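Novice: Take this structure first; my questions come after.
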Amino acid sequence: MSTPDSPALSDLGSIELAILAELRSPEAVAAFEMLHAAVPVETGSRFAELLAIINDISGPNFSVEASLNLLDAVQDSGDLALVVAAAPTLDDPITALALAQLLRTIRQD
(Lines give C-alpha, C1' and ligand atoms only; values in the text may rest on other atoms or scores of the structure.)
Protein backbone atom coordinates (compact mmCIF):
# COMPACT_ATOMS: atom_id res chain seq x y z
CA MET A 1 0.00 0.00 0.00
CA SER A 2 1.30 3.42 -0.86
CA THR A 3 1.73 6.23 1.60
CA PRO A 4 0.84 9.85 0.81
CA ASP A 5 4.47 10.73 0.07
CA SER A 6 5.22 7.70 -2.14
CA PRO A 7 3.94 6.97 -5.64
CA ALA A 8 1.20 4.39 -6.04
CA LEU A 9 3.22 2.61 -8.72
CA SER A 10 6.95 2.91 -9.28
CA ASP A 11 8.42 3.63 -12.70
CA LEU A 12 9.54 0.02 -12.90
CA GLY A 13 6.08 -1.16 -11.93
CA SER A 14 4.53 1.02 -14.61
CA ILE A 15 6.87 -0.39 -17.26
CA GLU A 16 6.18 -3.95 -16.17
CA LEU A 17 2.44 -3.31 -16.27
CA ALA A 18 2.71 -1.78 -19.76
CA ILE A 19 4.61 -4.85 -20.99
CA LEU A 20 2.17 -7.31 -19.44
CA ALA A 21 -0.76 -5.40 -20.93
CA GLU A 22 0.64 -6.06 -24.40
CA LEU A 23 0.65 -9.86 -24.05
CA ARG A 24 -2.54 -10.13 -26.11
CA SER A 25 -1.50 -12.34 -29.01
CA PRO A 26 0.45 -15.59 -29.36
CA GLU A 27 3.14 -13.68 -31.26
CA ALA A 28 3.51 -11.12 -28.45
CA VAL A 29 3.80 -13.90 -25.89
CA ALA A 30 6.46 -15.59 -28.05
CA ALA A 31 8.36 -12.28 -28.31
CA PHE A 32 8.15 -11.81 -24.56
CA GLU A 33 9.48 -15.31 -23.95
CA MET A 34 12.30 -14.78 -26.45
CA LEU A 35 13.43 -11.31 -25.43
CA HIS A 36 12.36 -10.39 -21.89
CA ALA A 37 15.54 -11.57 -20.19
CA ALA A 38 17.65 -9.31 -22.40
CA VAL A 39 15.59 -6.14 -21.94
CA PRO A 40 17.09 -3.68 -19.46
CA VAL A 41 14.78 -1.48 -17.42
CA GLU A 42 15.90 1.57 -19.40
CA THR A 43 14.42 0.15 -22.61
CA GLY A 44 11.34 -1.41 -21.09
CA SER A 45 9.01 1.15 -22.64
CA ARG A 46 10.43 0.41 -26.09
CA PHE A 47 9.85 -3.29 -25.44
CA ALA A 48 6.20 -2.52 -24.68
CA GLU A 49 6.04 -0.58 -27.96
CA LEU A 50 7.51 -3.57 -29.82
CA LEU A 51 4.88 -5.84 -28.30
CA ALA A 52 2.17 -3.38 -29.39
CA ILE A 53 3.50 -3.49 -32.96
CA ILE A 54 3.50 -7.28 -32.82
CA ASN A 55 -0.11 -7.28 -31.61
CA ASP A 56 -1.12 -4.95 -34.45
CA ILE A 57 0.18 -7.30 -37.13
CA SER A 58 -0.43 -10.65 -35.45
CA GLY A 59 -2.32 -13.24 -37.41
CA PRO A 60 -1.86 -15.55 -40.38
CA ASN A 61 0.30 -13.06 -42.34
CA PHE A 62 2.53 -12.19 -39.40
CA SER A 63 5.80 -13.16 -41.11
CA VAL A 64 4.98 -11.20 -44.26
CA GLU A 65 3.89 -8.14 -42.28
CA ALA A 66 7.05 -8.30 -40.16
CA SER A 67 9.20 -8.42 -43.30
CA LEU A 68 7.37 -5.44 -44.79
CA ASN A 69 7.78 -3.55 -41.52
CA LEU A 70 11.53 -4.16 -41.62
CA LEU A 71 11.75 -3.12 -45.27
CA ASP A 72 9.95 0.14 -44.45
CA ALA A 73 12.33 0.81 -41.57
CA VAL A 74 15.39 0.10 -43.74
CA GLN A 75 14.08 2.37 -46.48
CA ASP A 76 13.38 5.17 -44.00
CA SER A 77 16.73 4.88 -42.22
CA GLY A 78 19.03 4.12 -45.12
CA ASP A 79 21.24 2.18 -42.66
CA LEU A 80 21.78 -0.89 -44.78
CA ALA A 81 25.09 -1.68 -43.01
CA LEU A 82 23.28 -2.45 -39.76
CA VAL A 83 20.82 -4.72 -41.55
CA VAL A 84 23.62 -6.56 -43.35
CA ALA A 85 25.45 -7.03 -40.04
CA ALA A 86 22.29 -8.38 -38.43
CA ALA A 87 21.23 -10.52 -41.41
CA PRO A 88 22.44 -13.84 -39.96
CA THR A 89 20.12 -13.35 -36.96
CA LEU A 90 17.03 -12.41 -38.96
CA ASP A 91 15.62 -15.89 -39.09
CA ASP A 92 12.26 -15.07 -37.54
CA PRO A 93 9.72 -12.25 -37.75
CA ILE A 94 10.12 -11.17 -34.12
CA THR A 95 13.81 -10.49 -34.64
CA ALA A 96 13.01 -8.61 -37.85
CA LEU A 97 10.55 -6.40 -35.97
CA ALA A 98 13.06 -5.79 -33.19
CA LEU A 99 15.62 -4.66 -35.77
CA ALA A 100 13.02 -2.44 -37.46
CA GLN A 101 12.30 -0.80 -34.12
CA LEU A 102 16.03 -0.33 -33.47
CA LEU A 103 16.46 1.36 -36.85
CA ARG A 104 13.57 3.72 -36.09
CA THR A 105 14.97 4.49 -32.65
CA ILE A 106 18.39 5.30 -34.07
CA ARG A 107 16.80 7.56 -36.66
CA GLN A 108 14.82 9.42 -33.98
CA ASP A 109 17.90 10.02 -31.82
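Labels used: A, B, ... for chains in the order of the C-alpha coordinates, numbers from 1 for residues in each chain, and numbers from 1 for ligands as shown.
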Pull the closest atom pair for each residue of segment 23-48 of chain A that gets at most 9 Å from segment 55-72 of chain A, along with the distance in Å to one decimal, counting only C-alpha atoms, ordering rows by chain and then ascending residue number, as a Markdown table.
Specialist:
| residue | atom | partner | partner_atom | distance |
| --- | --- | --- | --- | --- |
| A:Leu23 | CA | A:Asn55 | CA | 8.0 |
| A:Arg24 | CA | A:Asn55 | CA | 6.7 |
| A:Ser25 | CA | A:Asn55 | CA | 5.9 |
| A:Pro26 | CA | A:Ser58 | CA | 7.9 |
| A:Glu27 | CA | A:Ser58 | CA | 6.3 |
| A:Ala28 | CA | A:Asn55 | CA | 6.2 |
Novice: List the neighbours of Val29 of chain A out to 12 Å using only C-alpha atoms; skip same-chain residues closer than 6 positions along the sequence, and give me the result as an NGL selection string.
Specialist: :A and (19-23 or 35-36 or 48 or 50-52 or 54-55 or 58 or 94)
Novice: Just want the 8 Å neighbourhood of Ser45 of chain A, counted on only C-alpha atoms, with same-chain residues fewer than 2 positions away dropped. Output as a PDB file with N, CA and C atoms, in the first residue's frame.
Specialist:
ATOM      1  N   ILE A  15       6.316   0.238 -16.067  1.00  0.00           N
ATOM      2  CA  ILE A  15       6.869  -0.393 -17.263  1.00  0.00           C
ATOM      3  C   ILE A  15       6.455  -1.858 -17.322  1.00  0.00           C
ATOM      4  N   ALA A  18       2.875  -2.088 -18.338  1.00  0.00           N
ATOM      5  CA  ALA A  18       2.709  -1.784 -19.760  1.00  0.00           C
ATOM      6  C   ALA A  18       3.092  -2.987 -20.625  1.00  0.00           C
ATOM      7  N   ILE A  19       4.173  -3.658 -20.244  1.00  0.00           N
ATOM      8  CA  ILE A  19       4.609  -4.846 -20.987  1.00  0.00           C
ATOM      9  C   ILE A  19       3.581  -5.959 -20.857  1.00  0.00           C
ATOM     10  N   GLU A  42      15.855   0.316 -18.646  1.00  0.00           N
ATOM     11  CA  GLU A  42      15.898   1.572 -19.397  1.00  0.00           C
ATOM     12  C   GLU A  42      15.167   1.477 -20.730  1.00  0.00           C
ATOM     13  N   THR A  43      15.084   0.300 -21.318  1.00  0.00           N
ATOM     14  CA  THR A  43      14.420   0.155 -22.614  1.00  0.00           C
ATOM     15  C   THR A  43      13.089  -0.593 -22.494  1.00  0.00           C
ATOM     16  N   PHE A  47      10.273  -1.895 -25.333  1.00  0.00           N
ATOM     17  CA  PHE A  47       9.848  -3.291 -25.438  1.00  0.00           C
ATOM     18  C   PHE A  47       8.325  -3.367 -25.466  1.00  0.00           C
ATOM     19  N   ALA A  48       7.667  -2.572 -24.652  1.00  0.00           N
ATOM     20  CA  ALA A  48       6.199  -2.523 -24.677  1.00  0.00           C
ATOM     21  C   ALA A  48       5.701  -2.034 -26.033  1.00  0.00           C
ATOM     22  N   GLU A  49       6.398  -1.061 -26.626  1.00  0.00           N
ATOM     23  CA  GLU A  49       6.037  -0.578 -27.960  1.00  0.00           C
ATOM     24  C   GLU A  49       6.202  -1.677 -29.005  1.00  0.00           C
TER      25      GLU A  49
END
Novice: Can you tell me, as an mmCIF file with N, CA, C and O atoms, in the first residue's frame, what residues are no more than 10 Å from Ser77 of chain A when counting only C-alpha atoms, ignoring any on the same chain fewer than 4 positions away?
Specialist:
data_model
loop_
_atom_site.group_PDB
_atom_site.id
_atom_site.type_symbol
_atom_site.label_atom_id
_atom_site.label_comp_id
_atom_site.auth_asym_id
_atom_site.auth_seq_id
_atom_site.Cartn_x
_atom_site.Cartn_y
_atom_site.Cartn_z
ATOM 1 N N LEU A 71 11.394 -3.801 -44.022
ATOM 2 C CA LEU A 71 11.749 -3.122 -45.271
ATOM 3 C C LEU A 71 11.438 -1.631 -45.203
ATOM 4 O O LEU A 71 12.233 -0.807 -45.664
ATOM 5 N N ASP A 72 10.307 -1.277 -44.625
ATOM 6 C CA ASP A 72 9.954 0.140 -44.451
ATOM 7 C C ASP A 72 10.974 0.850 -43.567
ATOM 8 O O ASP A 72 11.395 1.970 -43.867
ATOM 9 N N ALA A 73 11.363 0.198 -42.494
ATOM 10 C CA ALA A 73 12.333 0.808 -41.572
ATOM 11 C C ALA A 73 13.689 0.989 -42.242
ATOM 12 O O ALA A 73 14.345 2.019 -42.053
ATOM 13 N N ALA A 100 13.741 -3.582 -36.893
ATOM 14 C CA ALA A 100 13.024 -2.436 -37.458
ATOM 15 C C ALA A 100 12.838 -1.355 -36.392
ATOM 16 O O ALA A 100 13.037 -0.164 -36.660
ATOM 17 N N LEU A 103 16.160 0.406 -35.786
ATOM 18 C CA LEU A 103 16.456 1.364 -36.852
ATOM 19 C C LEU A 103 15.660 2.655 -36.675
ATOM 20 O O LEU A 103 16.189 3.751 -36.852
ATOM 21 N N ARG A 104 14.395 2.529 -36.302
ATOM 22 C CA ARG A 104 13.574 3.721 -36.090
ATOM 23 C C ARG A 104 14.047 4.523 -34.877
ATOM 24 O O ARG A 104 14.047 5.754 -34.901
ATOM 25 N N THR A 105 14.475 3.817 -33.837
ATOM 26 C CA THR A 105 14.972 4.494 -32.646
ATOM 27 C C THR A 105 16.245 5.252 -32.941
ATOM 28 O O THR A 105 16.413 6.397 -32.529
ATOM 29 N N ILE A 106 17.142 4.638 -33.695
ATOM 30 C CA ILE A 106 18.395 5.297 -34.070
ATOM 31 C C ILE A 106 18.098 6.548 -34.899
ATOM 32 O O ILE A 106 18.709 7.605 -34.693
ATOM 33 N N ARG A 107 17.158 6.432 -35.811
ATOM 34 C CA ARG A 107 16.799 7.557 -36.659
ATOM 35 C C ARG A 107 16.206 8.710 -35.854
ATOM 36 O O ARG A 107 16.458 9.883 -36.140
ATOM 37 N N GLN A 108 15.437 8.390 -34.817
ATOM 38 C CA GLN A 108 14.821 9.416 -33.981
ATOM 39 C C GLN A 108 15.853 10.145 -33.129
ATOM 40 O O GLN A 108 15.693 11.325 -32.826
#
Novice: Taking into account only C-alpha atoms, which residue in the set A:Ala31, A:Ser10, A:Val74, A:Gly44 is nearest to Pro93 of chain A?
Specialist: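 Of all the options, A:Ala31 lies closest to Pro93 of chain A.
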Novice: Please report the interatomic distance between atom CA of Gln75 of chain A and atom CA of Asp109 of chain A in Å with one decimal.
Specialist: 17.0 Å
Novice: If you run DSSP on this backbone, which residues of segment 20-69 of chain A come out as helix (DSSP H, G or I), and could you give them as a count of residues only?
Specialist: 40
Novice: Tell me, in Å to one decimal, how far atom CA of Met34 of chain A is from atom CA of Asp11 of chain A.
Specialist: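 So the answer is 23.3 Å.
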